[in-house]
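Peer 1: Below: one structure in structure tokens.
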Amino acid sequence: MAAGVRLVVLGKQGAGKGTQCVRLSHRYAVPHISTGDMLRAAVRAQTPLGIEAASLMTTGELLPDELIIRMVSERLSERDARSRGFVLDGFPRTVVQAEMLEEILNESHKLHCVVNLEVPTDEVLQRLVSRRTCVDCGGIYSTASPPIQGWTCDTCGGEVIQRPDDTAEAIMTRLQAYERETLPLIDFYSSRGLLETIDGSKAPDDVLRSTVDAVERRKREME
Ligand code: AMP
């Protein structure tokens, strides 16, 4: 079995984090931990967390740090993540979350690196308005490359829809939240020597190849 990895993937909404994180989690046989997917599952299941999260998510606002940190630290304490690692998608999203992640991971489970997928804003806007998402597995499609059979997911058979926060208004709110809260993480991780910037506007296979090259180099350096 491939050796594991501990990775954070950053990038604007629509930069391709979901697609790349799924592939990276398969490549390294580690869980793909997406806070957005976890929250959408909670909203669908109408759990207390889901009920609390739903309206903020629809408008594109961030949820409170404490709530997200509790959810992620529980998931990271599970055996698969502790023993093999993880690909974190959509977390951390604020400096407070990044500081908490450092505490949770402590010295023995440090991140191998933080991948920043860089894509210009006009390109992510185009990707987001045409994006369609599987409600069950989070699989990503677009109006230009839909599933094979109607709007049914090729992977799990789930319904493929336009996310309620992929509307023009919510997209603007989400991009503003990214600039305000998440962009400072670039400096945060750069100052710790962990940042790897990857050109996310290339084809998905090329982005994956560059990312894996960077991660492998980091892993060799840490051995
Ligand atoms: P995503 O699928 O990662 O774009 O997340 C969808 C929505 O879930 C976001 O717009 C936020 O409302 C919420 N969310 C996901 N991850 C976080 C996080 N780390 N911190 C705060 N809110 C989050």
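How things are named: the first chain in the structure tokens is A, the next is B, and so on; residues count from 1 in each chain; ligands count from 1 in the order shown.
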Counting only C-alpha atoms and all ligand atoms, name the residues that have an atom within 8 Å of an atom of ligand 1; the answer should be given as a PDB file with C-alpha atoms, in the first residue's frame.
Peer 2:
ATOM      1  CA  GLN A  13     -13.851  28.195  -4.734  1.00  0.00           C
ATOM      2  CA  SER A  34     -13.892  17.944   3.092  1.00  0.00           C
ATOM      3  CA  THR A  35     -15.625  20.197   5.613  1.00  0.00           C
ATOM      4  CA  GLY A  36     -18.053  21.340   2.884  1.00  0.00           C
ATOM      5  CA  ASP A  37     -19.038  17.714   2.099  1.00  0.00           C
ATOM      6  CA  LEU A  39     -21.615  19.955   6.332  1.00  0.00           C
ATOM      7  CA  ARG A  40     -23.756  19.239   3.263  1.00  0.00           C
ATOM      8  CA  ALA A  53     -25.309  25.411   9.166  1.00  0.00           C
ATOM      9  CA  LEU A  56     -25.124  30.465   6.399  1.00  0.00           C
ATOM     10  CA  MET A  57     -24.013  27.969   3.782  1.00  0.00           C
ATOM     11  CA  THR A  58     -26.691  29.005   1.305  1.00  0.00           C
ATOM     12  CA  THR A  59     -25.674  32.651   1.542  1.00  0.00           C
ATOM     13  CA  GLY A  60     -21.984  31.746   1.239  1.00  0.00           C
ATOM     14  CA  GLU A  61     -20.877  32.947   4.702  1.00  0.00           C
ATOM     15  CA  LEU A  62     -18.332  31.028   6.772  1.00  0.00           C
ATOM     16  CA  LEU A  63     -19.495  29.039   9.784  1.00  0.00           C
ATOM     17  CA  PRO A  64     -18.136  29.796  13.282  1.00  0.00           C
ATOM     18  CA  ASP A  65     -14.573  28.537  13.860  1.00  0.00           C
ATOM     19  CA  ILE A  68     -15.795  23.662  12.399  1.00  0.00           C
ATOM     20  CA  ILE A  69     -12.796  22.935  14.620  1.00  0.00           C
ATOM     21  CA  ASP A  89     -10.196  20.169   1.637  1.00  0.00           C
ATOM     22  CA  GLY A  90     -11.881  23.425   2.698  1.00  0.00           C
ATOM     23  CA  PHE A  91     -10.141  23.459   6.088  1.00  0.00           C
ATOM     24  CA  PRO A  92      -8.447  25.491   7.465  1.00  0.00           C
ATOM     25  CA  ARG A  93     -10.195  28.578   6.117  1.00  0.00           C
ATOM     26  CA  THR A  94      -9.167  31.126   8.750  1.00  0.00           C
ATOM     27  CA  GLN A  97      -8.509  27.329  12.255  1.00  0.00           C
ATOM     28  CA  ASP A 165     -24.433  28.280  -3.099  1.00  0.00           C
ATOM     29  CA  ARG A 174     -17.838  33.202  -0.913  1.00  0.00           C
TER      30      ARG A 174
END
Peer 1: So that I can check the secondary structure, give me every residue of region 47-167 of chain A assigned alpha helix (DSSP H) by backbone DSSP, as a compact mmCIF listing (two decimals) with N, CA and C atoms, in the first residue's frame.
Peer 2:
# COMPACT_ATOMS: atom_id res chain seq x y z
N PRO A 48 -28.71 18.45 14.15
CA PRO A 48 -28.68 19.80 14.76
C PRO A 48 -27.61 20.68 14.09
N LEU A 49 -26.44 20.08 13.80
CA LEU A 49 -25.38 20.84 13.11
C LEU A 49 -25.85 21.30 11.74
N GLY A 50 -26.51 20.39 11.01
CA GLY A 50 -26.97 20.71 9.67
C GLY A 50 -28.00 21.84 9.68
N ILE A 51 -28.89 21.80 10.67
CA ILE A 51 -29.93 22.83 10.75
C ILE A 51 -29.28 24.19 11.04
N GLU A 52 -28.24 24.17 11.93
CA GLU A 52 -27.54 25.41 12.26
C GLU A 52 -26.76 25.95 11.05
N ALA A 53 -26.21 25.01 10.25
CA ALA A 53 -25.31 25.41 9.17
C ALA A 53 -26.03 25.89 7.91
N ALA A 54 -27.25 25.38 7.67
CA ALA A 54 -27.88 25.50 6.35
C ALA A 54 -27.96 26.93 5.82
N SER A 55 -28.46 27.88 6.65
CA SER A 55 -28.71 29.20 6.06
C SER A 55 -27.41 29.94 5.77
N LEU A 56 -26.41 29.80 6.66
CA LEU A 56 -25.12 30.47 6.40
C LEU A 56 -24.49 29.90 5.14
N MET A 57 -24.62 28.59 4.97
CA MET A 57 -24.01 27.97 3.78
C MET A 57 -24.68 28.45 2.50
N THR A 58 -26.00 28.59 2.53
CA THR A 58 -26.69 29.01 1.31
C THR A 58 -26.29 30.42 0.90
N THR A 59 -26.06 31.29 1.91
CA THR A 59 -25.67 32.65 1.54
C THR A 59 -24.19 32.75 1.21
N ASP A 65 -15.78 29.36 13.74
CA ASP A 65 -14.57 28.54 13.86
C ASP A 65 -14.76 27.38 14.84
N GLU A 66 -15.36 27.66 16.02
CA GLU A 66 -15.44 26.62 17.06
C GLU A 66 -16.17 25.39 16.55
N LEU A 67 -17.26 25.65 15.82
CA LEU A 67 -18.08 24.55 15.32
C LEU A 67 -17.28 23.69 14.32
N ILE A 68 -16.56 24.37 13.43
CA ILE A 68 -15.80 23.66 12.40
C ILE A 68 -14.63 22.91 13.03
N ILE A 69 -13.97 23.56 13.99
CA ILE A 69 -12.80 22.93 14.62
C ILE A 69 -13.21 21.66 15.36
N ARG A 70 -14.36 21.72 16.05
CA ARG A 70 -14.84 20.53 16.76
C ARG A 70 -15.07 19.39 15.77
N MET A 71 -15.73 19.72 14.66
CA MET A 71 -16.05 18.70 13.65
C MET A 71 -14.77 18.08 13.08
N VAL A 72 -13.79 18.92 12.76
CA VAL A 72 -12.57 18.41 12.13
C VAL A 72 -11.72 17.64 13.14
N SER A 73 -11.65 18.13 14.37
CA SER A 73 -10.77 17.41 15.31
C SER A 73 -11.34 16.04 15.63
N GLU A 74 -12.67 15.92 15.64
CA GLU A 74 -13.26 14.57 15.83
C GLU A 74 -12.87 13.65 14.68
N ARG A 75 -12.96 14.19 13.46
CA ARG A 75 -12.65 13.35 12.29
C ARG A 75 -11.17 12.96 12.26
N LEU A 76 -10.31 13.91 12.65
CA LEU A 76 -8.87 13.61 12.60
C LEU A 76 -8.45 12.63 13.69
N ARG A 79 -9.14 6.46 13.43
CA ARG A 79 -7.94 5.64 13.23
C ARG A 79 -7.28 5.85 11.87
N ASP A 80 -8.11 5.91 10.79
CA ASP A 80 -7.52 6.02 9.44
C ASP A 80 -6.66 7.29 9.33
N ALA A 81 -7.19 8.40 9.84
CA ALA A 81 -6.47 9.67 9.73
C ALA A 81 -5.23 9.66 10.63
N ARG A 82 -5.35 9.06 11.82
CA ARG A 82 -4.20 9.04 12.73
C ARG A 82 -3.09 8.17 12.19
N SER A 83 -3.47 7.03 11.56
CA SER A 83 -2.41 6.11 11.15
C SER A 83 -1.84 6.43 9.76
N ARG A 84 -2.69 6.86 8.82
CA ARG A 84 -2.18 7.04 7.45
C ARG A 84 -2.09 8.51 7.03
N VAL A 95 -7.20 31.96 9.93
CA VAL A 95 -5.95 31.79 10.68
C VAL A 95 -6.22 31.06 12.00
N VAL A 96 -7.36 31.36 12.64
CA VAL A 96 -7.68 30.67 13.90
C VAL A 96 -7.77 29.16 13.65
N GLN A 97 -8.40 28.76 12.57
CA GLN A 97 -8.51 27.33 12.26
C GLN A 97 -7.13 26.73 12.00
N ALA A 98 -6.26 27.49 11.31
CA ALA A 98 -4.92 26.98 11.00
C ALA A 98 -4.10 26.80 12.29
N GLU A 99 -4.27 27.74 13.22
CA GLU A 99 -3.55 27.61 14.49
C GLU A 99 -4.04 26.40 15.27
N MET A 100 -5.36 26.18 15.24
CA MET A 100 -5.91 25.02 15.94
C MET A 100 -5.42 23.72 15.31
N LEU A 101 -5.32 23.72 13.98
CA LEU A 101 -4.84 22.51 13.29
C LEU A 101 -3.42 22.18 13.75
N GLU A 102 -2.58 23.20 13.88
CA GLU A 102 -1.21 22.96 14.36
C GLU A 102 -1.22 22.30 15.74
N GLU A 103 -2.13 22.78 16.59
CA GLU A 103 -2.20 22.19 17.94
C GLU A 103 -2.66 20.75 17.89
N ILE A 104 -3.68 20.50 17.04
CA ILE A 104 -4.22 19.13 16.96
C ILE A 104 -3.13 18.17 16.45
N LEU A 105 -2.37 18.62 15.45
CA LEU A 105 -1.41 17.71 14.81
C LEU A 105 -0.13 17.54 15.64
N THR A 121 -9.35 34.73 -10.89
CA THR A 121 -10.75 34.85 -10.46
C THR A 121 -11.73 34.73 -11.62
N ASP A 122 -11.44 35.34 -12.79
CA ASP A 122 -12.42 35.24 -13.87
C ASP A 122 -12.61 33.80 -14.32
N GLU A 123 -11.54 33.00 -14.21
CA GLU A 123 -11.68 31.59 -14.59
C GLU A 123 -12.50 30.80 -13.56
N VAL A 124 -12.30 31.05 -12.26
CA VAL A 124 -13.10 30.31 -11.28
C VAL A 124 -14.57 30.70 -11.39
N LEU A 125 -14.85 31.96 -11.69
CA LEU A 125 -16.24 32.39 -11.83
C LEU A 125 -16.92 31.59 -12.94
N GLN A 126 -16.23 31.46 -14.06
CA GLN A 126 -16.78 30.68 -15.18
C GLN A 126 -17.02 29.23 -14.78
N ARG A 127 -16.02 28.65 -14.06
CA ARG A 127 -16.16 27.24 -13.65
C ARG A 127 -17.34 27.06 -12.70
N LEU A 128 -17.51 28.03 -11.77
CA LEU A 128 -18.53 27.86 -10.73
C LEU A 128 -19.95 27.92 -11.28
N VAL A 129 -20.20 28.84 -12.21
CA VAL A 129 -21.58 28.95 -12.70
C VAL A 129 -21.98 27.72 -13.53
N SER A 130 -21.00 27.04 -14.12
CA SER A 130 -21.36 25.85 -14.91
C SER A 130 -21.17 24.56 -14.11
Peer 1: Between CA of Arg163 (chain A) and CA of Lys17 (chain A), measure the distance and give it in Å to one decimal.
Peer 2: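 Between CA of Arg163 (chain A) and CA of Lys17 (chain A) the gap is 15.7 Å.
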Peer 1: Just the residues within 10 Å of Arg218 (chain A), please, counting only C-alpha atoms, with nothing from its chain fewer than 2 positions along; format it as a PDB file with N, CA, C and O atoms, in the first residue's frame.
Peer 2:
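That gives us selection.pdb:
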ATOM      1  N   LEU A 111       2.212  18.511   9.082  1.00  0.00           N
ATOM      2  CA  LEU A 111       1.838  18.480   7.661  1.00  0.00           C
ATOM      3  C   LEU A 111       3.079  18.254   6.799  1.00  0.00           C
ATOM      4  O   LEU A 111       4.150  18.784   7.106  1.00  0.00           O
ATOM      5  N   HIS A 112       2.922  17.482   5.710  1.00  0.00           N
ATOM      6  CA  HIS A 112       4.016  17.375   4.748  1.00  0.00           C
ATOM      7  C   HIS A 112       4.116  18.669   3.942  1.00  0.00           C
ATOM      8  O   HIS A 112       5.200  19.175   3.690  1.00  0.00           O
ATOM      9  N   CYS A 113       2.966  19.183   3.517  1.00  0.00           N
ATOM     10  CA  CYS A 113       2.953  20.501   2.883  1.00  0.00           C
ATOM     11  C   CYS A 113       1.523  21.006   2.693  1.00  0.00           C
ATOM     12  O   CYS A 113       0.553  20.286   2.959  1.00  0.00           O
ATOM     13  N   LEU A 194       5.973  25.808   4.376  1.00  0.00           N
ATOM     14  CA  LEU A 194       5.175  24.633   3.989  1.00  0.00           C
ATOM     15  C   LEU A 194       4.453  24.791   2.652  1.00  0.00           C
ATOM     16  O   LEU A 194       3.868  23.844   2.142  1.00  0.00           O
ATOM     17  N   GLU A 196       3.342  25.128  -1.176  1.00  0.00           N
ATOM     18  CA  GLU A 196       3.658  24.737  -2.553  1.00  0.00           C
ATOM     19  C   GLU A 196       2.588  25.346  -3.454  1.00  0.00           C
ATOM     20  O   GLU A 196       1.414  24.987  -3.338  1.00  0.00           O
ATOM     21  N   VAL A 212       1.658  15.988  -7.144  1.00  0.00           N
ATOM     22  CA  VAL A 212       2.310  14.781  -6.614  1.00  0.00           C
ATOM     23  C   VAL A 212       3.827  14.966  -6.613  1.00  0.00           C
ATOM     24  O   VAL A 212       4.505  14.599  -5.650  1.00  0.00           O
ATOM     25  N   ASP A 213       4.383  15.583  -7.657  1.00  0.00           N
ATOM     26  CA  ASP A 213       5.834  15.839  -7.697  1.00  0.00           C
ATOM     27  C   ASP A 213       6.249  16.665  -6.472  1.00  0.00           C
ATOM     28  O   ASP A 213       7.242  16.362  -5.807  1.00  0.00           O
ATOM     29  N   ALA A 214       5.470  17.724  -6.206  1.00  0.00           N
ATOM     30  CA  ALA A 214       5.802  18.602  -5.070  1.00  0.00           C
ATOM     31  C   ALA A 214       5.685  17.846  -3.745  1.00  0.00           C
ATOM     32  O   ALA A 214       6.552  17.956  -2.871  1.00  0.00           O
ATOM     33  N   VAL A 215       4.624  17.056  -3.611  1.00  0.00           N
ATOM     34  CA  VAL A 215       4.413  16.318  -2.353  1.00  0.00           C
ATOM     35  C   VAL A 215       5.525  15.283  -2.152  1.00  0.00           C
ATOM     36  O   VAL A 215       6.065  15.145  -1.045  1.00  0.00           O
ATOM     37  N   GLU A 216       5.895  14.594  -3.215  1.00  0.00           N
ATOM     38  CA  GLU A 216       6.948  13.571  -3.093  1.00  0.00           C
ATOM     39  C   GLU A 216       8.270  14.212  -2.666  1.00  0.00           C
ATOM     40  O   GLU A 216       8.994  13.670  -1.850  1.00  0.00           O
ATOM     41  N   ARG A 220      10.300  13.352   0.778  1.00  0.00           N
ATOM     42  CA  ARG A 220      11.714  12.932   0.824  1.00  0.00           C
ATOM     43  C   ARG A 220      12.499  13.827   1.776  1.00  0.00           C
ATOM     44  O   ARG A 220      13.294  13.358   2.576  1.00  0.00           O
ATOM     45  N   GLU A 221      12.189  15.145   1.707  1.00  0.00           N
ATOM     46  CA  GLU A 221      12.915  16.089   2.571  1.00  0.00           C
ATOM     47  C   GLU A 221      12.642  15.835   4.052  1.00  0.00           C
ATOM     48  O   GLU A 221      13.467  16.124   4.906  1.00  0.00           O
ATOM     49  N   MET A 222      11.427  15.336   4.357  1.00  0.00           N
ATOM     50  CA  MET A 222      11.060  15.139   5.768  1.00  0.00           C
ATOM     51  C   MET A 222      11.546  13.804   6.326  1.00  0.00           C
ATOM     52  O   MET A 222      11.473  13.566   7.519  1.00  0.00           O
ATOM     53  N   GLU A 223      12.003  12.903   5.413  1.00  0.00           N
ATOM     54  CA  GLU A 223      12.403  11.559   5.889  1.00  0.00           C
ATOM     55  C   GLU A 223      13.703  11.617   6.689  1.00  0.00           C
ATOM     56  O   GLU A 223      14.517  12.471   6.479  1.00  0.00           O
TER      57      GLU A 223
END
Peer 1: If I take CA of Val9 (chain A) and CA of Pro147 (chain A), how far is one from the other in Å, to one decimal?
Peer 2: 25.5 Å
Peer 1: With a distance cut-off of 9 Å and only C-alpha atoms, select the neighbouring residues of Ser201 (chain A), excluding the residue or stretch itself and same-chain residues fewer than 2 positions from it, and output the selection as a list of chain:residue names.
Peer 2: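 These residues fall inside the cut-off: A:Ala15, A:Gly16, A:Leu117, A:Glu118, A:Val119, A:Pro120, A:Glu123, A:Ile198, A:Asp199, A:Ala203, A:Pro204, A:Val207.
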